[in-house]
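One file, protein-v3.cif, carrying mmCIF, C-alpha atoms and all ligand atoms:
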```cif
data_my_file
loop_
_atom_site.group_PDB
_atom_site.id
_atom_site.type_symbol
_atom_site.label_atom_id
_atom_site.label_comp_id
_atom_site.auth_asym_id
_atom_site.auth_seq_id
_atom_site.Cartn_x
_atom_site.Cartn_y
_atom_site.Cartn_z
ATOM 1 C CA MET A 10 71.956 -6.234 144.952
ATOM 2 C CA SER A 11 69.570 -4.596 142.486
ATOM 3 C CA THR A 12 69.196 -0.845 142.450
ATOM 4 C CA VAL A 13 66.835 1.696 140.994
ATOM 5 C CA PHE A 14 68.918 1.594 137.801
ATOM 6 C CA SER A 15 68.125 -2.103 137.267
ATOM 7 C CA LYS A 16 64.457 -1.183 137.571
ATOM 8 C CA ILE A 17 64.964 1.467 134.877
ATOM 9 C CA ILE A 18 66.651 -1.115 132.618
ATOM 10 C CA ALA A 19 63.699 -3.475 133.198
ATOM 11 C CA ARG A 20 61.202 -0.619 132.591
ATOM 12 C CA GLU A 21 59.753 -1.207 136.057
ATOM 13 C CA ILE A 22 60.069 2.510 136.820
ATOM 14 C CA PRO A 23 60.026 5.371 134.322
ATOM 15 C CA ALA A 24 63.045 7.266 133.078
ATOM 16 C CA ASP A 25 63.731 9.642 130.230
ATOM 17 C CA ILE A 26 65.827 7.236 128.159
ATOM 18 C CA VAL A 27 67.977 8.833 125.462
ATOM 19 C CA TYR A 28 69.941 5.801 124.230
ATOM 20 C CA GLU A 29 69.915 2.021 124.535
ATOM 21 C CA ASP A 30 71.781 -0.884 123.001
ATOM 22 C CA GLU A 31 72.687 -4.403 124.081
ATOM 23 C CA LEU A 32 75.417 -3.238 126.479
ATOM 24 C CA VAL A 33 74.427 0.151 127.880
ATOM 25 C CA LEU A 34 71.516 2.441 128.688
ATOM 26 C CA ALA A 35 71.531 6.249 128.940
ATOM 27 C CA PHE A 36 68.867 8.391 130.592
ATOM 28 C CA LYS A 37 68.416 11.877 132.027
ATOM 29 C CA ASP A 38 69.431 12.372 135.652
ATOM 30 C CA ILE A 39 66.366 12.944 137.812
ATOM 31 C CA ALA A 40 68.078 15.873 139.602
ATOM 32 C CA PRO A 41 70.186 17.563 136.920
ATOM 33 C CA ALA A 42 73.254 19.498 138.036
ATOM 34 C CA ALA A 43 73.624 21.236 134.660
ATOM 35 C CA PRO A 44 71.520 21.904 131.539
ATOM 36 C CA VAL A 45 72.713 18.548 130.178
ATOM 37 C CA HIS A 46 73.006 15.758 132.768
ATOM 38 C CA ILE A 47 72.788 12.224 131.430
ATOM 39 C CA LEU A 48 73.627 8.970 133.197
ATOM 40 C CA ILE A 49 75.200 6.215 131.117
ATOM 41 C CA ILE A 50 75.160 2.766 132.701
ATOM 42 C CA PRO A 51 76.218 -0.754 131.775
ATOM 43 C CA LYS A 52 73.274 -3.148 131.640
ATOM 44 C CA ARG A 53 75.194 -5.644 133.745
ATOM 45 C CA GLU A 54 74.861 -4.942 137.442
ATOM 46 C CA ILE A 55 78.351 -3.728 138.381
ATOM 47 C CA ALA A 56 78.174 -2.130 141.819
ATOM 48 C CA THR A 57 81.258 0.098 141.686
ATOM 49 C CA VAL A 58 84.453 0.633 139.710
ATOM 50 C CA ASN A 59 86.054 -1.741 142.232
ATOM 51 C CA ASP A 60 83.861 -4.537 140.858
ATOM 52 C CA ILE A 61 84.845 -4.169 137.201
ATOM 53 C CA THR A 62 86.349 -7.215 135.498
ATOM 54 C CA PRO A 63 88.112 -7.518 132.116
ATOM 55 C CA ASP A 64 84.858 -8.973 130.733
ATOM 56 C CA ASP A 65 83.281 -5.555 131.268
ATOM 57 C CA GLU A 66 85.676 -3.775 128.915
ATOM 58 C CA PRO A 67 83.289 -3.805 125.920
ATOM 59 C CA ALA A 68 80.503 -2.173 127.954
ATOM 60 C CA LEU A 69 82.878 0.334 129.547
ATOM 61 C CA GLY A 70 84.293 1.308 126.176
ATOM 62 C CA ARG A 71 80.774 1.633 124.800
ATOM 63 C CA MET A 72 79.913 4.043 127.629
ATOM 64 C CA PHE A 73 82.547 6.429 126.268
ATOM 65 C CA THR A 74 81.476 6.201 122.643
ATOM 66 C CA VAL A 75 77.857 6.734 123.701
ATOM 67 C CA ALA A 76 78.882 9.722 125.836
ATOM 68 C CA ARG A 77 80.704 11.204 122.873
ATOM 69 C CA GLN A 78 77.640 10.781 120.655
ATOM 70 C CA ILE A 79 75.181 12.164 123.201
ATOM 71 C CA ALA A 80 77.402 15.212 123.750
ATOM 72 C CA GLN A 81 77.586 15.778 120.017
ATOM 73 C CA ASP A 82 73.816 15.390 119.598
ATOM 74 C CA ALA A 83 73.197 17.767 122.524
ATOM 75 C CA GLY A 84 75.396 20.393 120.878
ATOM 76 C CA ILE A 85 77.865 20.631 123.764
ATOM 77 C CA ALA A 86 80.822 18.759 122.270
ATOM 78 C CA ALA A 87 82.736 21.787 121.019
ATOM 79 C CA ASP A 88 82.304 23.833 124.212
ATOM 80 C CA GLY A 89 83.144 20.819 126.349
ATOM 81 C CA TYR A 90 81.643 18.819 129.159
ATOM 82 C CA ARG A 91 82.614 16.538 132.021
ATOM 83 C CA LEU A 92 82.382 12.777 132.503
ATOM 84 C CA ILE A 93 82.274 11.664 136.147
ATOM 85 C CA VAL A 94 82.326 8.213 137.715
ATOM 86 C CA ASN A 95 81.989 8.262 141.491
ATOM 87 C CA CYS A 96 83.250 5.243 143.437
ATOM 88 C CA ASN A 97 82.169 4.303 146.943
ATOM 89 C CA HIS A 98 81.570 6.613 149.883
ATOM 90 C CA HIS A 99 84.581 8.923 149.571
ATOM 91 C CA GLY A 100 83.827 9.248 145.878
ATOM 92 C CA GLY A 101 80.288 10.374 146.650
ATOM 93 C CA GLN A 102 78.567 7.366 145.079
ATOM 94 C CA GLU A 103 74.896 7.032 146.018
ATOM 95 C CA VAL A 104 73.530 4.429 143.609
ATOM 96 C CA TRP A 105 75.342 1.086 143.668
ATOM 97 C CA HIS A 106 75.200 0.405 139.975
ATOM 98 C CA LEU A 107 78.203 1.829 138.153
ATOM 99 C CA HIS A 108 77.301 4.915 136.125
ATOM 100 C CA MET A 109 78.964 7.676 134.183
ATOM 101 C CA HIS A 110 77.595 11.211 134.578
ATOM 102 C CA LEU A 111 77.721 13.322 131.412
ATOM 103 C CA VAL A 112 77.313 16.935 132.509
ATOM 104 C CA GLY A 113 77.562 20.072 130.428
ATOM 105 C CA GLY A 114 75.734 22.945 128.845
ATOM 106 C CA ARG A 115 77.369 25.509 131.091
ATOM 107 C CA ARG A 116 80.859 26.363 132.314
ATOM 108 C CA LEU A 117 81.499 23.812 135.071
ATOM 109 C CA GLY A 118 84.452 25.401 136.805
ATOM 110 C CA ARG A 119 87.255 23.556 138.526
ATOM 111 C CA MET A 120 86.956 19.830 138.948
ATOM 112 C CA LEU A 121 87.264 19.758 142.738
ATOM 113 C CA ALA A 122 87.255 22.314 145.492
ATOM 114 C CA ARG A 123 90.723 22.450 147.038
ATOM 115 C CA PRO A 124 90.885 22.049 150.838
ATOM 116 C CA GLN A 125 91.390 25.441 152.496
HETATM 117 P P1 LIG B 1 76.090 9.100 142.290
HETATM 118 O O1 LIG B 1 76.134 10.072 143.415
HETATM 119 O O2 LIG B 1 77.285 9.175 141.381
HETATM 120 O O3 LIG B 1 75.781 7.691 142.748
HETATM 121 O O4 LIG B 1 74.884 9.582 141.372
HETATM 122 C C1 LIG B 1 73.613 9.004 141.398
HETATM 123 C C2 LIG B 1 72.748 9.841 140.490
HETATM 124 O O5 LIG B 1 71.571 9.113 140.191
HETATM 125 C C3 LIG B 1 72.311 11.182 141.095
HETATM 126 O O6 LIG B 1 72.760 12.249 140.251
HETATM 127 C C4 LIG B 1 70.782 11.074 141.112
HETATM 128 O O7 LIG B 1 70.146 12.298 140.834
HETATM 129 C C5 LIG B 1 70.519 10.038 140.041
HETATM 130 N N1 LIG B 1 69.282 9.283 140.180
HETATM 131 C C6 LIG B 1 68.843 8.625 141.262
HETATM 132 N N2 LIG B 1 67.659 8.025 141.014
HETATM 133 C C7 LIG B 1 67.369 8.301 139.715
HETATM 134 C C8 LIG B 1 66.279 7.971 138.857
HETATM 135 N N3 LIG B 1 65.248 7.216 139.278
HETATM 136 N N4 LIG B 1 66.299 8.437 137.588
HETATM 137 C C9 LIG B 1 67.337 9.182 137.152
HETATM 138 N N5 LIG B 1 68.389 9.537 137.907
HETATM 139 C C10 LIG B 1 68.403 9.099 139.183
#
```
Could you render the structure from this file as structure tokens?
Ligand code: AMP
Amino acid sequence: MSTVFSKIIAREIPADIVYEDELVLAFKDIAPAAPVHILIIPKREIATVNDITPDDEPALGRMFTVARQIAQDAGIAADGYRLIVNCNHHGGQEVWHLHMHLVGGRRLGRMLARPQ
């Protein structure tokens, strides 16, 4: 099932693309949660982490090396940042094309709120 991210890959809808190669695409999140908020996606339509296969390992590895480079280029590598991959409903996933959030540029606080 195609998503809005496939349309971005196909240039059918606009996005602020910051990186592209044969395996992955990276673009600015439309609703940034931090001064730097980039989405890094595999070009293959993988719905969720549950749908990953061993064949996807090159693209998944590339997502990390691209994240590292984008963070360095954005000047946030030394201070630090967070990489997030949400999976399915409990994980808070909203777009069914696997994506890595790269968020930084401010102190992000604890990873998760603890239940009271
Ligand atoms: P998730 O909740 O992990 O599925 O995150 C989906 C992310 O996609 C959200 O942070 C949205 O703001 C972002 N998003 C949705 N549509 C677009 C779009 N057209 N361009 C850029 N980011 C988008």
Non-local contacts of region 103-119 of chain A (6 Å; only C-alpha atoms; under 4 positions in same chain excluded) as a PyMOL selection string
chain A and resi 43-50+54-57+85+90-94
Nearest to ligand LIG 1 (chain B) among A:Ile79, A:Glu66, A:Val58, A:Asp30, with distances taken over all atoms listed in the file: which residue is it?
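Counting all atoms listed in the file, the residue closest to ligand LIG 1 (chain B) is A:Val58.
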Return as a PDB file with C-alpha atoms, in the coordinates of the input the residues of protein, DNA or RNA that approach ligand LIG 1 (chain B) to within 7 Å, with all atoms listed in the file taken into account.
```pdb
ATOM      1  CA  VAL A  13      66.835   1.696 140.994  1.00  0.00           C
ATOM      2  CA  PHE A  14      68.918   1.594 137.801  1.00  0.00           C
ATOM      3  CA  ALA A  24      63.045   7.266 133.078  1.00  0.00           C
ATOM      4  CA  PHE A  36      68.867   8.391 130.592  1.00  0.00           C
ATOM      5  CA  LYS A  37      68.416  11.877 132.027  1.00  0.00           C
ATOM      6  CA  ASP A  38      69.431  12.372 135.652  1.00  0.00           C
ATOM      7  CA  ILE A  39      66.366  12.944 137.812  1.00  0.00           C
ATOM      8  CA  ALA A  40      68.078  15.873 139.602  1.00  0.00           C
ATOM      9  CA  PRO A  41      70.186  17.563 136.920  1.00  0.00           C
ATOM     10  CA  VAL A  94      82.326   8.213 137.715  1.00  0.00           C
ATOM     11  CA  ASN A  95      81.989   8.262 141.491  1.00  0.00           C
ATOM     12  CA  GLY A 101      80.288  10.374 146.650  1.00  0.00           C
ATOM     13  CA  GLN A 102      78.567   7.366 145.079  1.00  0.00           C
ATOM     14  CA  GLU A 103      74.896   7.032 146.018  1.00  0.00           C
ATOM     15  CA  VAL A 104      73.530   4.429 143.609  1.00  0.00           C
ATOM     16  CA  TRP A 105      75.342   1.086 143.668  1.00  0.00           C
ATOM     17  CA  HIS A 108      77.301   4.915 136.125  1.00  0.00           C
TER      18      HIS A 108
END
```
Between CA of Leu34 (chain A) and CA of Asp64 (chain A), what is the spacing in Å?
17.7 Å
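Minimum atom-to-atom distances from A:Pro67, A:Gly100, A:Gly89, A:Pro51 to Val33 (chain A) were compared using all atoms listed in the file, and the lowest value belongs to A:Pro51.
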One number please: CA of Val75 (chain A) to CA of Ala35 (chain A), in Å, one decimal.
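Between these atoms lies a distance of 8.2 Å.
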Looking at all atoms listed in the file, which of A:Ile22, A:Met10, A:Ala42, A:Val27 is the one that sits closest to Ala80 (chain A)?
A:Val27
Which distance in Å separates CA of Leu32 (chain A) and CA of Asp82 (chain A), to one decimal?
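Spanning CA of Leu32 (chain A) to CA of Asp82 (chain A) is a straight-line distance of 19.9 Å.
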Centre, edges in Å (one decimal): axis-aligned box, region 64-67 of chain A, 5 Å padding on all six sides, as AutoDock Vina command-line options:
```
--center_x 84.5 --center_y -6.4 --center_z 128.6 --size_x 12.4 --size_y 15.2 --size_z 15.3
```
Which residue gives the smallest distance to Cys96 (chain A) among A:Ala68, A:Leu121, A:Ala76, A:Ile61, with only C-alpha atoms counted?
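Checking each of A:Ala68, A:Leu121, A:Ala76, A:Ile61 against Cys96 (chain A), counting only C-alpha atoms, the winner is A:Ile61.
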Your completed region 69-86 of chain A with N, CA, C and O atoms, as a compact mmCIF listing (two decimals), in the frame of the given file:
```txt
# COMPACT_ATOMS: atom_id res chain seq x y z
N LEU A 69 82.26 -0.91 129.06
CA LEU A 69 82.88 0.33 129.55
C LEU A 69 83.36 1.19 128.38
O LEU A 69 83.22 2.42 128.40
N GLY A 70 83.89 0.57 127.37
CA GLY A 70 84.29 1.31 126.18
C GLY A 70 83.08 1.91 125.48
O GLY A 70 83.11 3.05 125.03
N ARG A 71 82.00 1.13 125.42
CA ARG A 71 80.77 1.63 124.80
C ARG A 71 80.24 2.86 125.54
O ARG A 71 79.71 3.79 124.93
N MET A 72 80.39 2.88 126.86
CA MET A 72 79.91 4.04 127.63
C MET A 72 80.58 5.32 127.13
O MET A 72 79.95 6.38 127.04
N PHE A 73 81.85 5.24 126.77
CA PHE A 73 82.55 6.43 126.27
C PHE A 73 82.08 6.81 124.87
O PHE A 73 81.90 8.00 124.58
N THR A 74 81.90 5.83 124.00
CA THR A 74 81.48 6.20 122.64
C THR A 74 80.05 6.74 122.66
O THR A 74 79.71 7.64 121.89
N VAL A 75 79.22 6.21 123.57
CA VAL A 75 77.86 6.73 123.70
C VAL A 75 77.90 8.15 124.28
O VAL A 75 77.16 9.04 123.84
N ALA A 76 78.75 8.38 125.26
CA ALA A 76 78.88 9.72 125.84
C ALA A 76 79.29 10.72 124.75
O ALA A 76 78.72 11.82 124.65
N ARG A 77 80.24 10.33 123.95
CA ARG A 77 80.70 11.20 122.87
C ARG A 77 79.55 11.54 121.94
O ARG A 77 79.36 12.70 121.56
N GLN A 78 78.74 10.55 121.59
CA GLN A 78 77.64 10.78 120.66
C GLN A 78 76.54 11.64 121.28
O GLN A 78 75.99 12.54 120.62
N ILE A 79 76.23 11.37 122.53
CA ILE A 79 75.18 12.16 123.20
C ILE A 79 75.63 13.62 123.30
O ILE A 79 74.84 14.55 123.07
N ALA A 80 76.89 13.84 123.65
CA ALA A 80 77.40 15.21 123.75
C ALA A 80 77.32 15.91 122.40
O ALA A 80 76.93 17.09 122.31
N GLN A 81 77.66 15.19 121.36
CA GLN A 81 77.59 15.78 120.02
C GLN A 81 76.14 16.12 119.66
O GLN A 81 75.84 17.22 119.20
N ASP A 82 75.23 15.18 119.92
CA ASP A 82 73.82 15.39 119.60
C ASP A 82 73.22 16.53 120.42
O ASP A 82 72.30 17.22 119.96
N ALA A 83 73.71 16.70 121.65
CA ALA A 83 73.20 17.77 122.52
C ALA A 83 73.81 19.12 122.18
O ALA A 83 73.41 20.15 122.76
N GLY A 84 74.78 19.14 121.30
CA GLY A 84 75.40 20.39 120.88
C GLY A 84 76.38 20.97 121.86
O GLY A 84 76.67 22.17 121.84
N ILE A 85 76.93 20.12 122.75
CA ILE A 85 77.86 20.63 123.76
C ILE A 85 79.29 20.13 123.54
O ILE A 85 80.17 20.42 124.34
N ALA A 86 79.51 19.38 122.46
CA ALA A 86 80.82 18.76 122.27
C ALA A 86 81.93 19.80 122.11
O ALA A 86 82.99 19.69 122.73
```
